[in-house]
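Peer 1: Contents of final-v1.pdb (PDB, C-alpha atoms) are below:
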ATOM      1  CA  THR A 791     101.931  56.248  59.357
ATOM      2  CA  GLN A 792     103.842  58.977  61.146
ATOM      3  CA  LEU A 793     104.701  58.385  64.793
ATOM      4  CA  LEU A 794     106.024  60.654  67.508
ATOM      5  CA  GLU A 795     107.886  59.110  70.425
ATOM      6  CA  GLN A 796     107.885  61.246  73.523
ATOM      7  CA  SER A 797     110.209  60.705  76.480
ATOM      8  CA  PRO A 798     110.266  60.390  79.340
ATOM      9  CA  GLN A 799     106.696  59.299  79.996
ATOM     10  CA  PHE A 800     106.883  60.391  83.633
ATOM     11  CA  LEU A 801     109.021  63.011  85.325
ATOM     12  CA  SER A 802     108.946  63.807  89.036
ATOM     13  CA  ILE A 803     111.287  66.554  90.193
ATOM     14  CA  GLN A 804     111.793  69.115  92.948
ATOM     15  CA  GLU A 805     111.053  72.775  92.570
ATOM     16  CA  GLY A 806     114.008  74.641  91.078
ATOM     17  CA  GLU A 807     115.370  71.742  89.032
ATOM     18  CA  ASN A 808     115.761  71.814  85.260
ATOM     19  CA  LEU A 809     114.253  69.250  82.898
ATOM     20  CA  THR A 810     114.053  68.333  79.245
ATOM     21  CA  VAL A 811     111.305  66.489  77.390
ATOM     22  CA  TYR A 812     112.046  64.936  74.019
ATOM     23  CA  CYS A 813     109.871  64.274  71.009
ATOM     24  CA  ASN A 814     111.347  62.109  68.242
ATOM     25  CA  SER A 815     110.220  60.729  64.920
ATOM     26  CA  SER A 816     111.640  59.068  61.843
ATOM     27  CA  SER A 817     109.348  61.275  59.750
ATOM     28  CA  VAL A 818     109.751  64.889  58.742
ATOM     29  CA  PHE A 819     107.114  67.357  59.911
ATOM     30  CA  SER A 820     106.426  70.776  58.459
ATOM     31  CA  SER A 821     105.620  72.076  61.926
ATOM     32  CA  LEU A 822     105.485  70.855  65.478
ATOM     33  CA  GLN A 823     103.424  72.080  68.385
ATOM     34  CA  TRP A 824     103.731  71.697  72.130
ATOM     35  CA  TYR A 825     100.653  71.616  74.320
ATOM     36  CA  ARG A 826     100.187  71.588  78.075
ATOM     37  CA  GLN A 827      97.184  69.946  79.670
ATOM     38  CA  GLU A 828      95.928  70.029  83.237
ATOM     39  CA  PRO A 829      93.729  67.238  84.643
ATOM     40  CA  GLY A 830      90.139  67.453  83.464
ATOM     41  CA  GLU A 831      90.844  70.191  80.927
ATOM     42  CA  GLY A 832      91.651  70.405  77.238
ATOM     43  CA  PRO A 833      95.235  70.867  75.989
ATOM     44  CA  VAL A 834      96.442  74.440  75.621
ATOM     45  CA  LEU A 835      98.810  75.389  72.821
ATOM     46  CA  LEU A 836     102.183  76.620  74.091
ATOM     47  CA  VAL A 837     104.192  77.097  70.916
ATOM     48  CA  THR A 838     104.574  76.154  67.259
ATOM     49  CA  VAL A 839     107.997  75.620  65.684
ATOM     50  CA  VAL A 840     108.285  75.505  61.934
ATOM     51  CA  THR A 841     111.910  75.997  60.847
ATOM     52  CA  GLY A 842     114.674  73.409  61.248
ATOM     53  CA  GLY A 843     116.941  74.489  64.098
ATOM     54  CA  GLU A 844     114.436  77.011  65.385
ATOM     55  CA  VAL A 845     114.528  77.925  69.061
ATOM     56  CA  LYS A 846     111.644  79.652  70.806
ATOM     57  CA  LYS A 847     111.488  80.829  74.390
ATOM     58  CA  LEU A 848     108.423  81.293  76.532
ATOM     59  CA  LYS A 849     109.583  82.614  79.906
ATOM     60  CA  ARG A 850     111.339  79.619  81.537
ATOM     61  CA  LEU A 851     110.407  77.253  78.683
ATOM     62  CA  THR A 852     112.703  76.758  75.698
ATOM     63  CA  PHE A 853     111.504  74.870  72.635
ATOM     64  CA  GLN A 854     113.767  73.614  69.880
ATOM     65  CA  PHE A 855     113.007  72.063  66.504
ATOM     66  CA  GLY A 856     115.655  69.707  65.133
ATOM     67  CA  ASP A 857     117.600  70.682  62.046
ATOM     68  CA  ALA A 858     115.986  67.889  60.043
ATOM     69  CA  ARG A 859     112.519  68.686  61.462
ATOM     70  CA  LYS A 860     112.168  65.160  62.823
ATOM     71  CA  ASP A 861     112.548  65.926  66.510
ATOM     72  CA  SER A 862     111.920  68.581  69.117
ATOM     73  CA  SER A 863     112.681  69.274  72.742
ATOM     74  CA  LEU A 864     111.144  71.246  75.562
ATOM     75  CA  HIS A 865     113.470  72.475  78.290
ATOM     76  CA  ILE A 866     112.152  73.991  81.519
ATOM     77  CA  THR A 867     114.509  75.980  83.702
ATOM     78  CA  ALA A 868     113.945  76.238  87.451
ATOM     79  CA  ALA A 869     110.701  74.274  87.408
ATOM     80  CA  GLN A 870     107.849  75.424  89.605
ATOM     81  CA  PRO A 871     104.825  73.514  90.971
ATOM     82  CA  GLY A 872     102.674  75.453  88.528
ATOM     83  CA  ASP A 873     104.488  73.683  85.679
ATOM     84  CA  THR A 874     102.916  70.393  86.741
ATOM     85  CA  GLY A 875     100.824  68.848  83.986
ATOM     86  CA  LEU A 876     100.800  66.691  80.879
ATOM     87  CA  TYR A 877     103.002  67.944  78.063
ATOM     88  CA  LEU A 878     102.142  66.828  74.546
ATOM     89  CA  CYS A 879     104.018  67.277  71.312
ATOM     90  CA  ALA A 880     102.151  67.145  68.015
ATOM     91  CA  GLY A 881     103.447  67.180  64.476
ATOM     92  CA  SER A 882     101.715  68.192  61.294
ATOM     93  CA  ASN A 883     102.246  68.460  57.596
ATOM     94  CA  ALA A 884     100.769  71.343  55.687
ATOM     95  CA  GLY A 885      99.034  70.624  52.450
ATOM     96  CA  GLY A 886      95.655  69.988  50.926
ATOM     97  CA  THR A 887      95.377  66.349  51.942
ATOM     98  CA  SER A 888      96.499  66.802  55.542
ATOM     99  CA  TYR A 889      93.162  68.398  56.566
ATOM    100  CA  GLY A 890      94.923  69.995  59.506
ATOM    101  CA  LYS A 891      95.440  66.659  61.222
ATOM    102  CA  LEU A 892      98.018  66.307  63.962
ATOM    103  CA  THR A 893     100.090  63.341  65.083
ATOM    104  CA  PHE A 894     100.415  63.358  68.868
ATOM    105  CA  GLY A 895     103.101  61.928  71.075
ATOM    106  CA  GLN A 896     102.032  59.875  74.082
ATOM    107  CA  GLY A 897     102.719  62.699  76.494
ATOM    108  CA  THR A 898     104.986  63.396  79.451
ATOM    109  CA  ILE A 899     103.428  63.675  82.888
ATOM    110  CA  LEU A 900     105.456  66.232  84.835
ATOM    111  CA  THR A 901     105.128  66.607  88.599
ATOM    112  CA  VAL A 902     107.037  69.385  90.332
ATOM    113  CA  HIS A 903     107.175  69.041  94.102
ATOM    114  CA  PRO A 904     107.450  72.154  96.284
TER     115      PRO A 904
ATOM    116  CA  SER B1342      87.744  85.828  69.766
ATOM    117  CA  GLN B1343      87.206  82.159  69.170
ATOM    118  CA  THR B1344      85.574  79.925  71.774
ATOM    119  CA  ILE B1345      84.849  76.227  71.782
ATOM    120  CA  HIS B1346      82.242  74.602  73.995
ATOM    121  CA  GLN B1347      81.613  70.989  74.875
ATOM    122  CA  TRP B1348      78.795  69.438  76.821
ATOM    123  CA  PRO B1349      78.121  67.708  78.959
ATOM    124  CA  ALA B1350      81.268  68.058  81.056
ATOM    125  CA  THR B1351      80.798  64.648  82.640
ATOM    126  CA  LEU B1352      78.574  61.720  81.824
ATOM    127  CA  VAL B1353      77.960  58.342  83.411
ATOM    128  CA  GLN B1354      76.080  55.915  81.208
ATOM    129  CA  PRO B1355      75.191  52.214  81.397
ATOM    130  CA  VAL B1356      76.494  49.751  78.840
ATOM    131  CA  GLY B1357      74.152  49.559  75.872
ATOM    132  CA  SER B1358      72.746  53.060  76.240
ATOM    133  CA  PRO B1359      72.994  55.716  73.493
ATOM    134  CA  LEU B1360      75.404  58.629  73.516
ATOM    135  CA  SER B1361      75.391  62.163  72.196
ATOM    136  CA  LEU B1362      78.217  64.610  72.885
ATOM    137  CA  GLU B1363      78.074  68.079  71.423
ATOM    138  CA  CYS B1364      80.749  70.559  70.433
ATOM    139  CA  THR B1365      80.185  74.101  69.174
ATOM    140  CA  VAL B1366      82.637  76.742  68.040
ATOM    141  CA  GLU B1367      82.152  80.502  68.100
ATOM    142  CA  GLY B1368      84.071  83.259  66.375
ATOM    143  CA  THR B1369      85.237  81.452  63.257
ATOM    144  CA  SER B1370      83.695  80.213  60.043
ATOM    145  CA  ASN B1371      84.125  76.929  58.216
ATOM    146  CA  PRO B1372      86.618  75.463  60.677
ATOM    147  CA  ASN B1373      87.972  71.956  60.474
ATOM    148  CA  LEU B1374      86.616  70.058  63.476
ATOM    149  CA  TYR B1375      88.053  67.049  65.259
ATOM    150  CA  TRP B1376      86.968  64.502  67.866
ATOM    151  CA  TYR B1377      89.689  62.866  69.994
ATOM    152  CA  ARG B1378      89.634  60.322  72.784
ATOM    153  CA  GLN B1379      92.259  60.376  75.506
ATOM    154  CA  ALA B1380      93.105  57.603  77.936
ATOM    155  CA  ALA B1381      94.119  58.763  81.407
ATOM    156  CA  GLY B1382      97.251  60.902  81.220
ATOM    157  CA  ARG B1383      98.122  59.795  77.723
ATOM    158  CA  GLY B1384      98.187  61.074  74.169
ATOM    159  CA  LEU B1385      95.235  61.838  71.957
ATOM    160  CA  GLN B1386      93.672  59.410  69.514
ATOM    161  CA  LEU B1387      91.942  61.057  66.571
ATOM    162  CA  LEU B1388      88.475  59.555  66.060
ATOM    163  CA  PHE B1389      86.811  61.751  63.439
ATOM    164  CA  TYR B1390      87.434  64.931  61.550
ATOM    165  CA  SER B1391      85.267  67.151  59.401
ATOM    166  CA  VAL B1392      86.197  69.772  56.832
ATOM    167  CA  GLY B1393      82.637  70.973  56.226
ATOM    168  CA  ILE B1394      78.946  70.478  56.864
ATOM    169  CA  GLY B1395      77.955  66.856  56.389
ATOM    170  CA  GLN B1396      81.555  65.798  55.673
ATOM    171  CA  ILE B1397      82.869  63.240  58.149
ATOM    172  CA  SER B1398      86.031  61.149  57.998
ATOM    173  CA  SER B1399      86.646  58.315  60.421
ATOM    174  CA  GLU B1400      90.165  57.524  61.528
ATOM    175  CA  VAL B1401      89.548  54.291  63.406
ATOM    176  CA  PRO B1402      86.840  51.614  63.190
ATOM    177  CA  GLN B1403      84.716  51.753  66.291
ATOM    178  CA  ASN B1404      81.362  51.867  67.969
ATOM    179  CA  LEU B1405      81.042  55.629  67.531
ATOM    180  CA  SER B1406      79.831  57.952  64.778
ATOM    181  CA  ALA B1407      80.025  61.676  64.166
ATOM    182  CA  SER B1408      77.892  64.252  62.422
ATOM    183  CA  ARG B1409      78.211  67.902  61.486
ATOM    184  CA  PRO B1410      74.725  69.314  60.977
ATOM    185  CA  GLN B1411      75.861  72.952  61.050
ATOM    186  CA  ASP B1412      79.087  74.781  60.206
ATOM    187  CA  ARG B1413      80.169  75.164  63.823
ATOM    188  CA  GLN B1414      78.529  72.146  65.422
ATOM    189  CA  PHE B1415      80.086  68.705  65.742
ATOM    190  CA  ILE B1416      78.336  65.763  67.391
ATOM    191  CA  LEU B1417      79.735  62.451  68.583
ATOM    192  CA  SER B1418      77.225  59.629  68.925
ATOM    193  CA  SER B1419      76.771  55.997  69.683
ATOM    194  CA  LYS B1420      73.711  53.761  69.489
ATOM    195  CA  LYS B1421      74.958  51.333  72.150
ATOM    196  CA  LEU B1422      77.861  52.175  74.450
ATOM    197  CA  LEU B1423      80.549  49.646  75.346
ATOM    198  CA  LEU B1424      82.724  49.610  78.455
ATOM    199  CA  SER B1425      85.700  50.393  76.220
ATOM    200  CA  ASP B1426      84.074  53.678  75.167
ATOM    201  CA  SER B1427      84.937  55.186  78.554
ATOM    202  CA  GLY B1428      87.438  58.017  78.344
ATOM    203  CA  PHE B1429      87.997  61.729  78.016
ATOM    204  CA  TYR B1430      86.593  63.109  74.759
ATOM    205  CA  LEU B1431      87.991  66.265  73.298
ATOM    206  CA  CYS B1432      86.762  68.417  70.458
ATOM    207  CA  ALA B1433      89.144  70.719  68.598
ATOM    208  CA  TRP B1434      89.020  73.215  65.745
ATOM    209  CA  TYR B1435      91.482  74.516  63.210
ATOM    210  CA  SER B1436      91.172  77.173  60.561
ATOM    211  CA  ASP B1437      93.839  78.309  58.145
ATOM    212  CA  ILE B1438      91.825  81.466  57.628
ATOM    213  CA  TRP B1439      92.157  82.269  61.333
ATOM    214  CA  SER B1440      95.901  81.675  61.310
ATOM    215  CA  GLY B1441      96.334  84.652  59.018
ATOM    216  CA  ARG B1442      99.514  83.219  57.595
ATOM    217  CA  VAL B1443     100.384  82.390  54.018
ATOM    218  CA  THR B1444     101.111  78.878  55.186
ATOM    219  CA  SER B1445      99.139  77.622  58.163
ATOM    220  CA  TYR B1446     100.605  75.248  60.650
ATOM    221  CA  ASN B1447      97.571  73.201  61.615
ATOM    222  CA  GLU B1448      97.382  74.624  65.110
ATOM    223  CA  GLN B1449      94.370  73.134  66.816
ATOM    224  CA  PHE B1450      92.444  74.593  69.725
ATOM    225  CA  PHE B1451      90.678  72.352  72.148
ATOM    226  CA  GLY B1452      87.465  72.409  74.100
ATOM    227  CA  PRO B1453      87.271  71.625  77.817
ATOM    228  CA  GLY B1454      86.441  67.963  77.207
ATOM    229  CA  THR B1455      83.783  65.474  78.334
ATOM    230  CA  ARG B1456      84.560  62.732  80.827
ATOM    231  CA  LEU B1457      82.538  59.657  79.855
ATOM    232  CA  THR B1458      82.240  56.688  82.190
ATOM    233  CA  VAL B1459      80.430  53.607  80.941
ATOM    234  CA  LEU B1460      79.350  51.206  83.688
TER     235      LEU B1460
END
For the structure just supplied, provide its representation as structure tokens.
Peer 2:
Amino acid sequence: TQLLEQSPQFLSIQEGENLTVYCNSSSVFSSLQWYRQEPGEGPVLLVTVVTGGEVKKLKRLTFQFGDARKDSSLHITAAQPGDTGLYLCAGSNAGGTSYGKLTFGQGTILTVHP
Amino acid sequence: SQTIHQWPATLVQPVGSPLSLECTVEGTSNPNLYWYRQAAGRGLQLLFYSVGIGQISSEVPQNLSASRPQDRQFILSSKKLLLSDSGFYLCAWYSDIWSGRVTSYNEQFFGPGTRLTVL
């Protein structure tokens, strides 16, 4: 069974600070996704990383996939209150028997105070 | 464009009552469909997935069942609800045809969810 450990579980910071969320596994994934979820809504896909060492940027968010494709990080620069939410990482393995299933981390609840 | 609907948005049910949650997808054909349950502020637990009409796979033993009577319709049911069935239920879809890539990356897209409270 593949597991994804996400840390920290909770993060409470002031507006303008930087933060990093980590997603680690002992298993290799063919791709990894990051989702953001607001209370009472479904998760929204932010990014997919697929190549070891890949770095993707989405405005103030930087996503990195580890060289061995076992871990990933999300870095937010100059956090804003609008970044508040639950951040989820999810790993997958392509192939006929995977059926598109994802393995989710437990999530990081981020609160950015004005 | 693709759209996924879930209803009802919220539901309060007594213990022992039946349950039926519905999920429908628009704008794609033959998607894989998934039911998840989420505890407050936590990760997602996969309950069921379906790769086609009438094809259901269960990931965890439980009091719930799922059905897929039509290509883009996925239903989550229970004959008798338990207190432990309370939670936030999410439906998601995935289609490698939609991804348009040679190799798809299992990106799933989620509905708005149903908040179920069992009293």
Peer 1: Using CA of Glu807 (chain A) and CA of Thr841 (chain A) as the two end points, give the distance in Å to one decimal.
Peer 2: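 Distance reported for this atom pair: 28.7 Å.
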Peer 1: Can you turn the PyMOL selection byres ((chain B) within 8 of (chain A)) into a concrete residue list for this file, as an MDAnalysis selection string?
Peer 2: chainID B and resid 1373 1382:1386 1392 1431 1435 1444:1454 1456
Peer 1: So that I can check the surroundings of Ser1361 (chain B), please list as a list in words every protein, DNA and RNA residue that reaches within 8 Å of it, counting only C-alpha atoms and ignoring chain neighbours fewer than 2 positions away.
Peer 2: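 So the residues in contact are Pro1359, Glu1363, Ile1416, Leu1417, Ser1418 and Ser1419 of chain B.
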Peer 1: Closest to Asp861 (chain A) among A:Ser797, A:Thr874, A:Asn808, A:Val818, using all atoms listed in the file?
Peer 2: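 Using all atoms listed in the file, the shortest distance to Asp861 (chain A) belongs to A:Val818.
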Peer 1: Applying 12 Å and all atoms listed in the file, which residues near Ser1427 (chain B) remain after dropping the ones on its own chain fewer than 5 positions away? List them as a list of chain:residue names.
Peer 2: B:Thr1351, B:Leu1352, B:Val1353, B:Gln1354, B:Pro1355, B:Val1356, B:Leu1360, B:Arg1378, B:Gln1379, B:Ala1380, B:Ala1381, B:Asn1404, B:Leu1405, B:Leu1422, B:Thr1455, B:Arg1456, B:Leu1457, B:Thr1458, B:Val1459, B:Leu1460
Peer 1: Is it possible to get the residues within 12 Å of (83.2, 77.6, 60.7) (coordinates as in the file, counting only C-alpha atoms) written as a tab-separated table (two decimals) with C-alpha atoms, keeping the file's coordinate frame?
Peer 2:
chain	number	residue	atom	x	y	z
B	1343	GLN	CA	87.21	82.16	69.17
B	1344	THR	CA	85.57	79.92	71.77
B	1345	ILE	CA	84.85	76.23	71.78
B	1365	THR	CA	80.18	74.10	69.17
B	1366	VAL	CA	82.64	76.74	68.04
B	1367	GLU	CA	82.15	80.50	68.10
B	1368	GLY	CA	84.07	83.26	66.38
B	1369	THR	CA	85.24	81.45	63.26
B	1370	SER	CA	83.70	80.21	60.04
B	1371	ASN	CA	84.12	76.93	58.22
B	1372	PRO	CA	86.62	75.46	60.68
B	1373	ASN	CA	87.97	71.96	60.47
B	1374	LEU	CA	86.62	70.06	63.48
B	1391	SER	CA	85.27	67.15	59.40
B	1392	VAL	CA	86.20	69.77	56.83
B	1393	GLY	CA	82.64	70.97	56.23
B	1394	ILE	CA	78.95	70.48	56.86
B	1409	ARG	CA	78.21	67.90	61.49
B	1410	PRO	CA	74.72	69.31	60.98
B	1411	GLN	CA	75.86	72.95	61.05
B	1412	ASP	CA	79.09	74.78	60.21
B	1413	ARG	CA	80.17	75.16	63.82
B	1414	GLN	CA	78.53	72.15	65.42
B	1415	PHE	CA	80.09	68.70	65.74
B	1434	TRP	CA	89.02	73.22	65.74
B	1435	TYR	CA	91.48	74.52	63.21
B	1436	SER	CA	91.17	77.17	60.56
B	1437	ASP	CA	93.84	78.31	58.14
B	1438	ILE	CA	91.82	81.47	57.63
B	1439	TRP	CA	92.16	82.27	61.33
Peer 1: For this file, the PyMOL selection byres ((chain B and resi 1399) around 7) selects which residues, as an MDAnalysis selection string?
Peer 2: chainID B and resid 1388:1390 1397:1398 1400:1401
Peer 1: Given the PyMOL selection byres ((chain A and resi 850) around 7) and the file above, list the residues it selects as an mmCIF file with C-alpha atoms, in the coordinates of the input.
Peer 2:
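result.cif written:
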data_model
loop_
_atom_site.group_PDB
_atom_site.id
_atom_site.type_symbol
_atom_site.label_atom_id
_atom_site.label_comp_id
_atom_site.auth_asym_id
_atom_site.auth_seq_id
_atom_site.Cartn_x
_atom_site.Cartn_y
_atom_site.Cartn_z
ATOM 1 C CA LEU A 848 108.423 81.293 76.532
ATOM 2 C CA LYS A 849 109.583 82.614 79.906
ATOM 3 C CA LEU A 851 110.407 77.253 78.683
ATOM 4 C CA THR A 852 112.703 76.758 75.698
ATOM 5 C CA ILE A 866 112.152 73.991 81.519
ATOM 6 C CA THR A 867 114.509 75.980 83.702
#
Peer 1: Contacts of Ser863 (chain A) at 8 Å or less, counting only C-alpha atoms, minus same-chain residues fewer than 4 places along, as a PyMOL selection string?
Peer 2: chain A and resi 810-813+853-855
Peer 1: In Å, rounded to a single decimal, give me how far CA of Leu900 (chain A) is from CA of Glu805 (chain A).
Peer 2: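 Rounded to one decimal, the two atoms are 11.6 Å apart.
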Peer 1: Suppose you want the space between CA of Leu809 (chain A) and CA of Lys846 (chain A); what is it in Å?
Peer 2: 16.2 Å
